[in-house]
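Listing of protein_25.tsv, TSV, C-alpha atoms
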chain	number	residue	atom	x	y	z
H	1	MET	CA	-19.45	9.79	-17.57
H	2	TRP	CA	-15.95	11.11	-17.04
H	3	GLU	CA	-16.67	11.50	-13.34
H	4	CYS	CA	-17.80	7.90	-13.10
H	5	PHE	CA	-14.59	6.85	-14.84
H	6	SER	CA	-12.20	8.91	-12.73
H	7	VAL	CA	-13.94	8.45	-9.36
H	8	TYR	CA	-14.75	4.76	-9.53
H	9	PHE	CA	-12.89	3.03	-12.33
H	10	LEU	CA	-9.41	4.53	-12.05
H	11	PRO	CA	-8.84	3.94	-8.30
H	12	CYS	CA	-9.98	0.34	-8.72
H	13	LEU	CA	-7.60	-0.09	-11.65
H	14	TRP	CA	-4.71	1.31	-9.58
H	15	ALA	CA	-5.66	-0.97	-6.67
H	16	PHE	CA	-5.63	-3.92	-9.07
H	17	CYS	CA	-2.15	-3.07	-10.42
H	18	ALA	CA	-0.68	-2.33	-6.98
H	19	CYS	CA	-2.00	-5.60	-5.57
H	20	VAL	CA	-0.61	-7.59	-8.48
H	21	GLY	CA	2.74	-6.03	-7.57
H	22	PHE	CA	2.28	-7.16	-3.98
H	23	GLY	CA	1.28	-10.59	-5.22
H	24	LEU	CA	4.72	-10.92	-6.80
H	25	VAL	CA	6.34	-10.01	-3.47
H	26	PHE	CA	4.20	-12.58	-1.62
H	27	ASN	CA	5.22	-15.27	-4.16
H	28	ILE	CA	1.74	-15.98	-5.51
H	29	GLN	CA	2.18	-18.05	-8.65
H	30	GLY	CA	-0.05	-18.51	-11.67
H	31	ARG	CA	-3.60	-17.24	-12.04
H	32	GLY	CA	-3.98	-16.68	-8.30
H	33	ILE	CA	-2.28	-13.31	-8.63
H	34	LEU	CA	-5.00	-12.00	-10.99
H	35	ILE	CA	-7.71	-13.32	-8.68
H	36	CYS	CA	-6.16	-11.34	-5.82
H	37	GLY	CA	-6.05	-8.21	-7.98
H	38	PHE	CA	-9.73	-8.53	-8.89
H	39	GLY	CA	-10.58	-9.04	-5.23
H	40	ALA	CA	-8.76	-5.83	-4.34
H	41	ALA	CA	-10.53	-3.86	-7.08
H	42	LEU	CA	-13.91	-5.29	-6.07
H	43	GLY	CA	-13.36	-4.47	-2.40
H	44	TRP	CA	-12.32	-0.92	-3.17
H	45	LEU	CA	-15.35	-0.41	-5.44
H	46	VAL	CA	-17.65	-1.56	-2.62
H	47	TYR	CA	-15.86	0.76	-0.21
H	48	LEU	CA	-16.18	3.75	-2.55
H	49	LEU	CA	-19.87	3.12	-3.25
H	50	SER	CA	-20.73	2.55	0.40
H	51	THR	CA	-18.88	5.66	1.65
H	52	ARG	CA	-21.09	7.59	-0.74
H	53	TYR	CA	-24.36	6.27	0.70
H	54	LEU	CA	-23.47	5.40	4.30
H	55	ALA	CA	-22.24	7.56	7.14
H	56	GLY	CA	-18.84	6.73	8.54
H	57	ASP	CA	-15.94	4.98	6.87
H	58	ILE	CA	-15.75	2.22	9.50
H	59	VAL	CA	-19.13	0.78	8.42
H	60	SER	CA	-17.97	0.94	4.80
H	61	ALA	CA	-14.74	-0.86	5.72
H	62	PHE	CA	-16.81	-3.58	7.39
H	63	LEU	CA	-19.00	-4.00	4.30
H	64	ALA	CA	-16.06	-4.02	1.90
H	65	SER	CA	-14.12	-6.57	3.93
H	66	ALA	CA	-17.22	-8.78	4.16
H	67	VAL	CA	-17.48	-8.70	0.35
H	68	ILE	CA	-13.76	-9.45	0.02
H	69	GLY	CA	-14.12	-12.26	2.54
H	70	PHE	CA	-16.95	-13.81	0.56
H	71	TYR	CA	-15.09	-13.46	-2.74
H	72	SER	CA	-11.89	-14.98	-1.29
H	73	GLU	CA	-13.71	-17.88	0.36
H	74	VAL	CA	-15.50	-18.70	-2.89
H	75	MET	CA	-12.26	-18.48	-4.87
H	76	ALA	CA	-10.39	-20.56	-2.30
H	77	ARG	CA	-13.04	-23.26	-2.55
H	78	VAL	CA	-13.12	-23.21	-6.33
H	79	ARG	CA	-9.33	-23.45	-6.60
H	80	ARG	CA	-8.89	-25.65	-3.48
H	81	CYS	CA	-6.29	-23.36	-1.97
H	82	PRO	CA	-6.03	-21.81	1.48
H	83	VAL	CA	-7.91	-18.55	1.70
H	84	THR	CA	-5.01	-16.69	3.38
H	85	GLY	CA	-3.29	-15.38	0.27
H	86	TYR	CA	-6.38	-14.10	-1.48
H	87	LEU	CA	-7.68	-12.42	1.64
H	88	GLN	CA	-4.38	-10.76	2.59
H	89	VAL	CA	-3.66	-9.28	-0.81
H	90	ALA	CA	-7.26	-8.29	-1.60
H	91	LEU	CA	-7.53	-6.43	1.72
H	92	LEU	CA	-4.37	-4.39	1.02
H	93	PRO	CA	-5.97	-1.22	-0.43
H	94	LEU	CA	-8.26	-1.02	2.60
H	95	VAL	CA	-5.61	-1.77	5.17
H	96	PRO	CA	-4.98	1.33	7.28
H	97	GLY	CA	-1.31	1.80	6.40
H	98	ALA	CA	-1.61	5.55	6.00
H	99	GLY	CA	-3.44	5.74	9.34
H	100	ILE	CA	-0.64	4.00	11.25
H	101	TYR	CA	1.92	6.13	9.48
H	102	HIS	CA	0.14	9.41	10.29
H	103	ALA	CA	-0.48	8.35	13.89
H	104	MET	CA	3.19	7.60	14.46
H	105	GLN	CA	4.16	10.84	12.73
H	106	TYR	CA	2.03	12.76	15.25
H	107	CYS	CA	3.58	10.68	18.03
H	108	VAL	CA	7.13	11.53	16.97
H	109	ALA	CA	6.15	15.20	16.58
H	110	GLY	CA	4.78	15.16	20.15
H	111	ASN	CA	1.18	15.88	19.17
H	112	THR	CA	-0.46	13.53	21.67
H	113	GLU	CA	-4.12	14.41	21.04
H	114	LEU	CA	-3.98	13.87	17.27
H	115	PHE	CA	-1.84	10.77	17.85
H	116	LEU	CA	-4.41	9.14	20.12
H	117	SER	CA	-7.43	10.00	17.98
H	118	THR	CA	-5.73	8.79	14.78
H	119	LEU	CA	-4.49	5.64	16.50
H	120	LEU	CA	-7.94	4.78	17.88
H	121	HIS	CA	-9.56	5.38	14.50
H	122	THR	CA	-6.92	3.17	12.84
H	123	ILE	CA	-7.48	0.37	15.33
H	124	GLY	CA	-11.24	0.64	14.85
H	125	PHE	CA	-10.77	0.46	11.09
H	126	ALA	CA	-8.55	-2.62	11.36
H	127	ALA	CA	-11.01	-4.25	13.74
H	128	ALA	CA	-13.87	-3.59	11.30
H	129	LEU	CA	-11.86	-5.21	8.50
H	130	SER	CA	-11.04	-8.31	10.53
H	131	VAL	CA	-14.58	-8.70	11.91
H	132	GLY	CA	-16.03	-8.42	8.40
H	133	ALA	CA	-13.74	-11.09	6.98
H	134	MET	CA	-14.00	-13.40	10.03
H	135	LEU	CA	-17.80	-13.15	10.06
H	136	ILE	CA	-18.12	-14.35	6.48
H	137	THR	CA	-15.58	-17.13	7.06
H	138	SER	CA	-17.45	-18.43	10.09
H	139	LEU	CA	-20.85	-18.10	8.40
H	140	LEU	CA	-19.74	-20.01	5.32
H	141	ARG	CA	-18.14	-22.71	7.45
H	142	ALA	CA	-21.34	-23.14	9.42
H	143	LEU	CA	-23.73	-22.95	6.47
H	144	LEU	CA	-21.90	-24.92	3.82
H	145	PRO	CA	-20.17	-27.90	5.44
H	146	ARG	CA	-20.96	-30.08	2.42
H	147	LEU	CA	-19.46	-27.64	-0.03
H	148	HIS	CA	-16.28	-27.39	1.98
H	149	LEU	CA	-14.12	-28.57	-0.91
H	150	GLY	CA	-11.14	-26.63	0.39
H	151	GLY	CA	-11.24	-28.49	3.70
H	152	HIS	CA	-9.61	-31.69	4.72
Z	1	MET	CA	4.32	-47.12	14.28
Z	2	ASP	CA	7.39	-45.09	15.07
Z	3	HIS	CA	6.08	-42.14	17.05
Z	4	ASP	CA	9.41	-40.27	16.93
Z	5	LYS	CA	9.22	-40.15	13.14
Z	6	LEU	CA	5.55	-39.24	13.25
Z	7	LEU	CA	6.27	-36.35	15.61
Z	8	ASN	CA	9.08	-35.15	13.36
Z	9	LEU	CA	6.78	-35.27	10.34
Z	10	GLY	CA	4.13	-33.17	12.07
Z	11	ALA	CA	6.59	-30.66	13.48
Z	12	GLU	CA	8.43	-30.21	10.17
Z	13	LEU	CA	5.20	-29.62	8.24
Z	14	GLY	CA	4.02	-27.19	10.92
Z	15	ARG	CA	7.32	-25.32	10.84
Z	16	ARG	CA	7.07	-24.87	7.08
Z	17	LEU	CA	3.50	-23.68	7.38
Z	18	MET	CA	4.57	-21.14	10.00
Z	19	THR	CA	7.46	-19.78	7.92
Z	20	SER	CA	5.16	-19.42	4.91
Z	21	GLY	CA	3.04	-16.97	6.90
Z	22	ALA	CA	-0.01	-19.13	7.68
Z	23	GLU	CA	-2.37	-18.08	10.45
Z	24	ILE	CA	-1.89	-19.68	13.87
Z	25	TYR	CA	-5.20	-21.53	13.82
Z	26	ARG	CA	-4.39	-23.01	10.40
Z	27	VAL	CA	-1.02	-24.33	11.62
Z	28	GLU	CA	-2.48	-25.84	14.77
Z	29	GLU	CA	-5.41	-27.38	12.90
Z	30	SER	CA	-3.26	-28.82	10.09
Z	31	VAL	CA	-0.71	-30.47	12.40
Z	32	GLU	CA	-3.46	-31.83	14.61
Z	33	ARG	CA	-5.34	-33.31	11.63
Z	34	LEU	CA	-2.18	-34.77	10.13
Z	35	LEU	CA	-1.14	-36.55	13.34
Z	36	SER	CA	-4.69	-37.67	14.04
Z	37	ALA	CA	-4.85	-39.23	10.57
Z	38	TYR	CA	-1.93	-41.43	11.63
Z	39	GLY	CA	-3.80	-42.45	14.77
Z	40	ALA	CA	-2.00	-40.32	17.34
Z	41	ASP	CA	-3.68	-37.96	19.80
Z	42	PRO	CA	-1.55	-34.81	19.47
Z	43	GLN	CA	-1.39	-31.58	21.43
Z	44	VAL	CA	-0.28	-28.60	19.33
Z	45	PHE	CA	0.52	-25.10	20.49
Z	46	ALA	CA	1.79	-22.30	18.29
Z	47	ILE	CA	2.66	-18.67	18.77
Z	48	PRO	CA	4.37	-16.56	16.07
Z	49	THR	CA	7.88	-17.43	17.25
Z	50	CYS	CA	7.45	-20.99	18.47
Z	51	LEU	CA	5.70	-24.27	17.64
Z	52	ILE	CA	5.28	-27.09	20.19
Z	53	VAL	CA	3.95	-30.51	19.23
Z	54	SER	CA	3.44	-33.30	21.72
Z	55	VAL	CA	2.16	-36.88	21.36
Z	56	ASN	CA	1.87	-39.90	23.62
Z	57	THR	CA	3.29	-43.24	22.46
Z	58	PRO	CA	0.97	-46.26	22.82
Z	59	ASP	CA	2.80	-47.36	25.99
Z	60	GLY	CA	2.08	-43.99	27.57
Z	61	HIS	CA	5.44	-42.31	27.08
Z	62	PRO	CA	5.00	-38.61	26.24
Z	63	ILE	CA	7.29	-37.09	23.58
Z	64	THR	CA	7.48	-33.42	22.65
Z	65	ARG	CA	9.21	-31.39	19.97
Z	66	MET	CA	9.65	-27.64	19.92
Z	67	CYS	CA	10.62	-25.52	16.89
Z	68	ARG	CA	11.78	-21.95	17.11
Z	69	ILE	CA	10.34	-19.97	14.19
Z	70	PRO	CA	12.72	-17.36	12.76
Z	71	ALA	CA	11.58	-14.03	11.34
Z	72	HIS	CA	9.89	-14.71	8.01
Z	73	GLY	CA	7.91	-13.10	5.22
Z	74	THR	CA	4.87	-14.38	3.38
Z	75	ASP	CA	5.22	-17.14	0.80
Z	76	ILE	CA	1.81	-18.12	-0.54
Z	77	GLU	CA	3.23	-20.71	-2.93
Z	78	LEU	CA	4.85	-22.61	-0.04
Z	79	LEU	CA	1.65	-22.27	2.00
Z	80	GLU	CA	-0.45	-23.73	-0.82
Z	81	ARG	CA	1.96	-26.63	-1.29
Z	82	CYS	CA	2.03	-27.43	2.44
Z	83	ASN	CA	-1.75	-27.31	2.60
Z	84	GLU	CA	-2.10	-29.57	-0.42
Z	85	LEU	CA	0.36	-32.12	0.99
Z	86	CYS	CA	-1.31	-32.03	4.40
Z	87	ARG	CA	-4.73	-32.70	2.84
Z	88	HIS	CA	-3.28	-35.48	0.71
Z	89	LEU	CA	-1.64	-37.18	3.73
Z	90	CYS	CA	-4.83	-36.87	5.79
Z	91	ARG	CA	-6.83	-38.57	3.04
Z	92	GLU	CA	-4.41	-41.43	2.47
Z	93	PRO	CA	-1.62	-41.64	5.07
Z	94	LEU	CA	1.57	-42.71	3.27
Z	95	PRO	CA	4.36	-44.59	5.06
Z	96	LEU	CA	6.24	-42.20	7.33
Z	97	GLU	CA	9.53	-42.25	5.38
Z	98	GLU	CA	7.78	-41.37	2.11
Z	99	ALA	CA	5.77	-38.63	3.78
Z	100	GLN	CA	8.92	-37.19	5.38
Z	101	ALA	CA	10.64	-37.13	1.98
Z	102	LEU	CA	7.68	-35.26	0.50
Z	103	VAL	CA	7.80	-32.70	3.34
Z	104	ASP	CA	11.55	-32.25	2.83
Z	105	HIS	CA	10.98	-31.52	-0.85
Z	106	LEU	CA	8.33	-28.86	-0.23
Z	107	GLU	CA	10.72	-25.98	0.19
Z	108	PRO	CA	13.43	-26.60	-2.45
Z	109	ASP	CA	10.92	-27.65	-5.14
Z	110	ARG	CA	8.57	-24.70	-4.94
Z	111	ARG	CA	8.34	-22.14	-7.73
Z	112	GLN	CA	9.91	-18.80	-6.91
Z	113	PHE	CA	10.25	-15.49	-8.70
Z	114	SER	CA	13.74	-14.22	-9.43
Z	115	PRO	CA	14.93	-11.18	-7.40
Z	116	TRP	CA	14.43	-8.97	-10.46
Z	117	VAL	CA	10.76	-9.86	-10.69
Z	118	LEU	CA	10.44	-9.16	-6.96
Z	119	LEU	CA	12.08	-5.78	-7.51
Z	120	LEU	CA	9.52	-5.13	-10.25
Z	121	GLY	CA	6.81	-6.09	-7.75
Z	122	TYR	CA	8.03	-3.53	-5.21
Z	123	THR	CA	8.32	-0.89	-7.94
Z	124	ALA	CA	4.81	-1.53	-9.24
Z	125	ALA	CA	3.28	-1.60	-5.77
Z	126	ALA	CA	4.82	1.76	-4.80
Z	127	ALA	CA	4.02	3.42	-8.15
Z	128	PHE	CA	0.38	2.34	-8.29
Z	129	PHE	CA	-0.28	3.02	-4.61
Z	130	SER	CA	0.86	6.61	-5.07
Z	131	LEU	CA	-1.59	6.93	-7.98
Z	132	PHE	CA	-4.22	5.20	-5.85
Z	133	PHE	CA	-3.83	7.73	-3.04
Z	134	GLY	CA	-4.33	10.60	-5.49
Z	135	GLY	CA	-0.90	11.40	-6.91
Z	136	GLY	CA	-0.34	12.47	-10.51
Z	137	LEU	CA	1.61	10.79	-13.27
Z	138	ARG	CA	4.88	12.43	-12.26
Z	139	ASP	CA	4.36	11.34	-8.66
Z	140	CYS	CA	3.84	7.83	-9.96
Z	141	LEU	CA	7.21	7.88	-11.71
Z	142	ALA	CA	8.95	9.27	-8.64
Z	143	ALA	CA	7.28	6.68	-6.42
Z	144	ALA	CA	8.39	3.94	-8.81
Z	145	LEU	CA	12.00	5.05	-8.33
Z	146	CYS	CA	11.56	5.20	-4.55
Z	147	GLY	CA	9.89	1.80	-4.52
Z	148	MET	CA	12.74	0.36	-6.53
Z	149	ALA	CA	15.25	1.78	-4.05
Z	150	VAL	CA	13.34	0.34	-1.07
Z	151	GLY	CA	12.99	-3.01	-2.83
Z	152	ALA	CA	16.71	-3.07	-3.55
Z	153	CYS	CA	17.43	-2.30	0.13
Z	154	LEU	CA	15.15	-5.14	1.23
Z	155	LEU	CA	16.37	-7.68	-1.35
Z	156	PHE	CA	20.06	-6.98	-1.72
Z	157	GLY	CA	20.91	-4.80	1.28
Z	158	GLN	CA	20.89	-7.52	3.96
Z	159	ARG	CA	24.54	-6.83	4.71
Z	160	PHE	CA	23.97	-3.14	5.43
Z	161	THR	CA	20.54	-3.17	7.02
Z	162	GLY	CA	21.09	-6.18	9.28
Z	163	SER	CA	18.43	-8.69	10.22
Z	164	ASN	CA	16.79	-6.64	12.96
Z	165	VAL	CA	13.33	-5.68	11.73
Z	166	PHE	CA	13.35	-2.33	13.56
Z	167	PHE	CA	16.59	-1.05	12.02
Z	168	ARG	CA	15.83	-2.51	8.61
Z	169	THR	CA	12.49	-0.70	8.50
Z	170	LEU	CA	14.08	2.49	9.82
Z	171	ILE	CA	16.75	2.50	7.11
Z	172	CYS	CA	14.29	1.62	4.34
Z	173	SER	CA	11.82	4.33	5.30
Z	174	ALA	CA	14.65	6.86	5.59
Z	175	VAL	CA	15.72	5.90	2.05
Z	176	ALA	CA	12.12	6.24	0.83
Z	177	ALA	CA	11.56	9.65	2.41
Z	178	GLY	CA	14.99	10.92	1.36
Z	179	MET	CA	14.48	9.84	-2.23
Z	180	ALA	CA	11.02	11.42	-2.30
Z	181	LEU	CA	12.45	14.68	-0.99
Z	182	LEU	CA	15.28	14.68	-3.55
Z	183	LEU	CA	12.96	13.86	-6.44
Z	184	VAL	CA	10.55	16.63	-5.49
Z	185	ARG	CA	13.44	19.09	-5.17
Z	186	ALA	CA	14.81	17.90	-8.53
Z	187	GLY	CA	11.43	18.62	-10.11
Z	188	LEU	CA	10.28	15.12	-11.01
Z	189	GLY	CA	7.67	14.64	-8.31
Z	190	GLN	CA	4.99	17.14	-7.34
Z	191	SER	CA	3.57	16.01	-4.01
Z	192	GLN	CA	6.01	14.64	-1.50
Z	193	GLU	CA	3.24	13.21	0.66
Z	194	TYR	CA	1.70	11.02	-2.07
Z	195	ILE	CA	5.11	9.73	-3.11
Z	196	THR	CA	6.14	8.93	0.47
Z	197	ILE	CA	2.88	7.22	1.46
Z	198	GLY	CA	2.75	5.21	-1.76
Z	199	THR	CA	6.28	3.98	-1.19
Z	200	LEU	CA	5.73	3.29	2.48
Z	201	MET	CA	2.79	0.98	1.68
Z	202	VAL	CA	5.52	-1.57	0.94
Z	203	LEU	CA	6.78	-1.26	4.52
Z	204	VAL	CA	3.76	-0.22	6.56
Z	205	PRO	CA	2.44	-3.02	8.78
Z	206	GLY	CA	-1.23	-2.48	7.98
Z	207	MET	CA	-1.60	-6.10	6.94
Z	208	ALA	CA	0.07	-7.22	10.17
Z	209	LEU	CA	-2.35	-5.08	12.20
Z	210	THR	CA	-5.38	-6.60	10.45
Z	211	ASN	CA	-3.94	-10.09	10.93
Z	212	ALA	CA	-3.31	-9.36	14.60
Z	213	MET	CA	-6.95	-8.36	14.99
Z	214	ARG	CA	-8.07	-11.49	13.16
Z	215	GLU	CA	-6.02	-13.65	15.50
Z	216	ILE	CA	-7.45	-11.95	18.57
Z	217	MET	CA	-10.98	-12.52	17.18
Z	218	ALA	CA	-10.13	-16.18	16.47
Z	219	GLY	CA	-9.13	-16.63	20.11
Z	220	ASP	CA	-5.33	-16.71	19.75
Z	221	ILE	CA	-4.86	-13.84	22.16
Z	222	ILE	CA	-1.13	-14.28	22.79
Z	223	SER	CA	-0.29	-14.35	19.08
Z	224	GLY	CA	-2.53	-11.35	18.46
Z	225	LEU	CA	-0.88	-9.30	21.18
Z	226	THR	CA	2.63	-10.28	20.02
Z	227	ARG	CA	1.80	-9.16	16.50
Z	228	THR	CA	0.24	-5.92	17.75
Z	229	ALA	CA	3.43	-5.12	19.64
Z	230	GLU	CA	5.43	-5.82	16.48
Z	231	VAL	CA	3.12	-3.54	14.47
Z	232	LEU	CA	3.69	-0.66	16.89
Z	233	LEU	CA	7.44	-1.22	16.80
Z	234	VAL	CA	7.58	-1.23	12.99
Z	235	ALA	CA	5.28	1.78	12.74
Z	236	THR	CA	7.53	3.72	15.11
Z	237	ALA	CA	10.55	2.75	13.02
Z	238	ILE	CA	8.81	4.07	9.89
Z	239	ALA	CA	7.87	7.35	11.55
Z	240	LEU	CA	11.42	7.84	12.88
Z	241	GLY	CA	12.93	6.86	9.53
Z	242	THR	CA	10.84	9.32	7.55
Z	243	ALA	CA	11.61	12.04	10.09
Z	244	ILE	CA	15.40	11.74	9.56
Z	245	PRO	CA	15.62	13.22	6.01
Z	246	LEU	CA	13.08	15.91	6.87
Z	247	VAL	CA	15.10	17.03	9.88
Z	248	PHE	CA	18.36	17.14	7.97
Z	249	SER	CA	16.89	18.90	4.94
Z	250	SER	CA	15.12	21.66	6.85
Z	251	PRO	CA	18.17	23.97	7.15
Z	252	PHE	CA	18.60	24.01	3.35

Same coordinates, now as structure tokens:
Amino acid sequence: MWECFSVYFLPCLWAFCACVGFGLVFNIQGRGILICGFGAALGWLVYLLSTRYLAGDIVSAFLASAVIGFYSEVMARVRRCPVTGYLQVALLPLVPGAGIYHAMQYCVAGNTELFLSTLLHTIGFAAALSVGAMLITSLLRALLPRLHLGGH
Amino acid sequence: MDHDKLLNLGAELGRRLMTSGAEIYRVEESVERLLSAYGADPQVFAIPTCLIVSVNTPDGHPITRMCRIPAHGTDIELLERCNELCRHLCREPLPLEEAQALVDHLEPDRRQFSPWVLLLGYTAAAAFFSLFFGGGLRDCLAAALCGMAVGACLLFGQRFTGSNVFFRTLICSAVAAGMALLLVRAGLGQSQEYITIGTLMVLVPGMALTNAMREIMAGDIISGLTRTAEVLLVATAIALGTAIPLVFSSPF
């Protein structure tokens, strides 16, 4: 029980709080900021669960970003807002910030091999995130033209 | 219809969308839809630093307007307001003067947080990201202090850090790493790595990298490559900045 709490619940709670902080910086007003936080927590939960059962973190990143994409699209349609804000903030915990940072640290230290492998992994991770989110966006646009309340 | 005014309306709305941090395809699509709703046949081209809108008048005279887009952050409130106005104008095109007045009021009338709330945002983001990456409670407190320092540099330190994104990032990450080092030495923090990475999440261009990838996937190759170059530049600045305090502290 305690393991479940500390492995799954706590990181999602921290992701929620951190993303609400970022929401303030991005000037998200009103209830939207809580929606972004829930999206971030949901995405991280999916990522944690899928890294446990699937091999490779890039596949998990793809799955998590697809779930975040779906959640943000639905929320954007319900609230009739552009999807950008929800998607950007909810993706934050997954975004490979630490990867870029470590890669450039190796680069500055002159460790070319580690630099290249970390950089390639980071780019793959970012590509998986963007493909996951884009895929859901395109699918929903194709499948639900009538429900496109957020559109023009 | 006065096509000069129409072009101005489209370009001004597009410029505001760009400075609010909207994606390229959204800017191009919105301006195109807006001008089409008024019966024009526009050509729109946008890259992260520039927006070009062109229409033909009914007697065949082509007119073009170009806007240079300055460096900008993300402002979701402005983005939502622009989008709402654009949708409203597409549904029922108002007279051009009224529409232009509405566009002019977008920016001054939007709700904004005060700098202190923004500072709180930076503090919370750094503190909780250090917990998120596995730091303890004391690391969280230390990261909160570092995040506050970085936020203060970003919000109030314009005069000292300049407007160049490379040097601003370099100075901010040097402040973050230096503070983390001092706080660990002083006994407040435990793990310097968790504190530093948590704080750097505020600066790290991970979001920009993912956006760059999304733009490449969406077909805006030039914008995607521009943003990728910017990501590499900022990431280098962060790595150099964090290296400075480490280099100077190693003799002690």

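The two atoms in question, atom CA of Val150 of chain Z and atom CA of Val95 of chain H, are spaced 20.1 Å apart.
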
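As for atom CA of Thr169 of chain Z and atom CA of Phe22 of chain H, they are spaced 17.4 Å apart.
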
Would you tabulate, counting only C-alpha atoms, all residues of chain H that have an atom at most 8 Å from an atom of chain Z, showing the closest pair of atoms and their distance in Å to one decimal, sorted by chain then ascending number, as JSON lines?
{"residue": "H:Pro11", "atom": "CA", "partner": "Z:Phe132", "partner_atom": "CA", "distance": 5.4}
{"residue": "H:Trp14", "atom": "CA", "partner": "Z:Phe128", "partner_atom": "CA", "distance": 5.4}
{"residue": "H:Ala15", "atom": "CA", "partner": "Z:Phe132", "partner_atom": "CA", "distance": 6.4}
{"residue": "H:Cys17", "atom": "CA", "partner": "Z:Phe128", "partner_atom": "CA", "distance": 6.3}
{"residue": "H:Ala18", "atom": "CA", "partner": "Z:Ala125", "partner_atom": "CA", "distance": 4.2}
{"residue": "H:Cys19", "atom": "CA", "partner": "Z:Ala125", "partner_atom": "CA", "distance": 6.6}
{"residue": "H:Val20", "atom": "CA", "partner": "Z:Gly121", "partner_atom": "CA", "distance": 7.6}
{"residue": "H:Gly21", "atom": "CA", "partner": "Z:Gly121", "partner_atom": "CA", "distance": 4.1}
{"residue": "H:Phe22", "atom": "CA", "partner": "Z:Ala125", "partner_atom": "CA", "distance": 5.9}
{"residue": "H:Gly23", "atom": "CA", "partner": "Z:Gly121", "partner_atom": "CA", "distance": 7.6}
{"residue": "H:Leu24", "atom": "CA", "partner": "Z:Gly121", "partner_atom": "CA", "distance": 5.3}
{"residue": "H:Val25", "atom": "CA", "partner": "Z:Leu118", "partner_atom": "CA", "distance": 5.5}
{"residue": "H:Phe26", "atom": "CA", "partner": "Z:Asp75", "partner_atom": "CA", "distance": 5.3}
{"residue": "H:Asn27", "atom": "CA", "partner": "Z:Asp75", "partner_atom": "CA", "distance": 5.3}
{"residue": "H:Ile28", "atom": "CA", "partner": "Z:Ile76", "partner_atom": "CA", "distance": 5.4}
{"residue": "H:Gln29", "atom": "CA", "partner": "Z:Glu77", "partner_atom": "CA", "distance": 6.4}
{"residue": "H:Cys81", "atom": "CA", "partner": "Z:Glu80", "partner_atom": "CA", "distance": 6.0}
{"residue": "H:Pro82", "atom": "CA", "partner": "Z:Glu80", "partner_atom": "CA", "distance": 6.3}
{"residue": "H:Thr84", "atom": "CA", "partner": "Z:Ala22", "partner_atom": "CA", "distance": 7.0}
{"residue": "H:Gly85", "atom": "CA", "partner": "Z:Ile76", "partner_atom": "CA", "distance": 5.8}
{"residue": "H:Gln88", "atom": "CA", "partner": "Z:Met207", "partner_atom": "CA", "distance": 7.0}
{"residue": "H:Leu91", "atom": "CA", "partner": "Z:Met207", "partner_atom": "CA", "distance": 7.9}
{"residue": "H:Leu92", "atom": "CA", "partner": "Z:Met207", "partner_atom": "CA", "distance": 6.8}
{"residue": "H:Val95", "atom": "CA", "partner": "Z:Gly206", "partner_atom": "CA", "distance": 5.3}
{"residue": "H:Pro96", "atom": "CA", "partner": "Z:Gly206", "partner_atom": "CA", "distance": 5.4}
{"residue": "H:Gly97", "atom": "CA", "partner": "Z:Gly206", "partner_atom": "CA", "distance": 4.6}
{"residue": "H:Ala98", "atom": "CA", "partner": "Z:Ile197", "partner_atom": "CA", "distance": 6.6}
{"residue": "H:Ile100", "atom": "CA", "partner": "Z:Ala235", "partner_atom": "CA", "distance": 6.5}
{"residue": "H:Tyr101", "atom": "CA", "partner": "Z:Ala235", "partner_atom": "CA", "distance": 6.4}
{"residue": "H:Met104", "atom": "CA", "partner": "Z:Ala239", "partner_atom": "CA", "distance": 5.5}
{"residue": "H:Gln105", "atom": "CA", "partner": "Z:Ala239", "partner_atom": "CA", "distance": 5.2}
{"residue": "H:Val108", "atom": "CA", "partner": "Z:Ala239", "partner_atom": "CA", "distance": 6.9}
{"residue": "H:Ala126", "atom": "CA", "partner": "Z:Thr210", "partner_atom": "CA", "distance": 5.2}
{"residue": "H:Ala127", "atom": "CA", "partner": "Z:Met213", "partner_atom": "CA", "distance": 5.9}
{"residue": "H:Leu129", "atom": "CA", "partner": "Z:Thr210", "partner_atom": "CA", "distance": 6.9}
{"residue": "H:Ser130", "atom": "CA", "partner": "Z:Arg214", "partner_atom": "CA", "distance": 5.1}
{"residue": "H:Val131", "atom": "CA", "partner": "Z:Arg214", "partner_atom": "CA", "distance": 7.2}
{"residue": "H:Met134", "atom": "CA", "partner": "Z:Arg214", "partner_atom": "CA", "distance": 7.0}
{"residue": "H:Gly151", "atom": "CA", "partner": "Z:Arg87", "partner_atom": "CA", "distance": 7.8}
{"residue": "H:His152", "atom": "CA", "partner": "Z:Arg87", "partner_atom": "CA", "distance": 5.3}

Excluding Val31 of chain Z and its own-chain neighbours fewer than 6 positions away, which residues fall within 8 Å of it when counting all atoms listed in the file? Please give them as a tab-separated table (two decimals) with C-alpha atoms, in the coordinates of the input.
chain	number	residue	atom	x	y	z
Z	10	GLY	CA	4.13	-33.17	12.07
Z	11	ALA	CA	6.59	-30.66	13.48
Z	13	LEU	CA	5.20	-29.62	8.24
Z	14	GLY	CA	4.02	-27.19	10.92
Z	44	VAL	CA	-0.28	-28.60	19.33

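Between atom CA of Ser65 of chain H and atom CA of Ala133 of chain H there is a distance of 5.5 Å.
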
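Between Gly37 of chain H and the candidates H:Cys12, H:Val83, H:Leu119, H:Leu63, the tightest atom-to-atom separation, counting only C-alpha atoms, involves H:Cys12.
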
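The residue that comes closest to Pro93 of chain Z, out of Z:Ile244, Z:Leu106, Z:Ala176, Z:Leu9 and on the basis of all atoms listed in the file, is Z:Leu9.
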
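The environment of Arg68 of chain Z within 9 Å, counting all atoms listed in the file and disregarding residues fewer than 2 places along the same chain, consists of Arg15, Thr49, Cys50, Leu51, Ile52, Met66 and Pro70 of chain Z.
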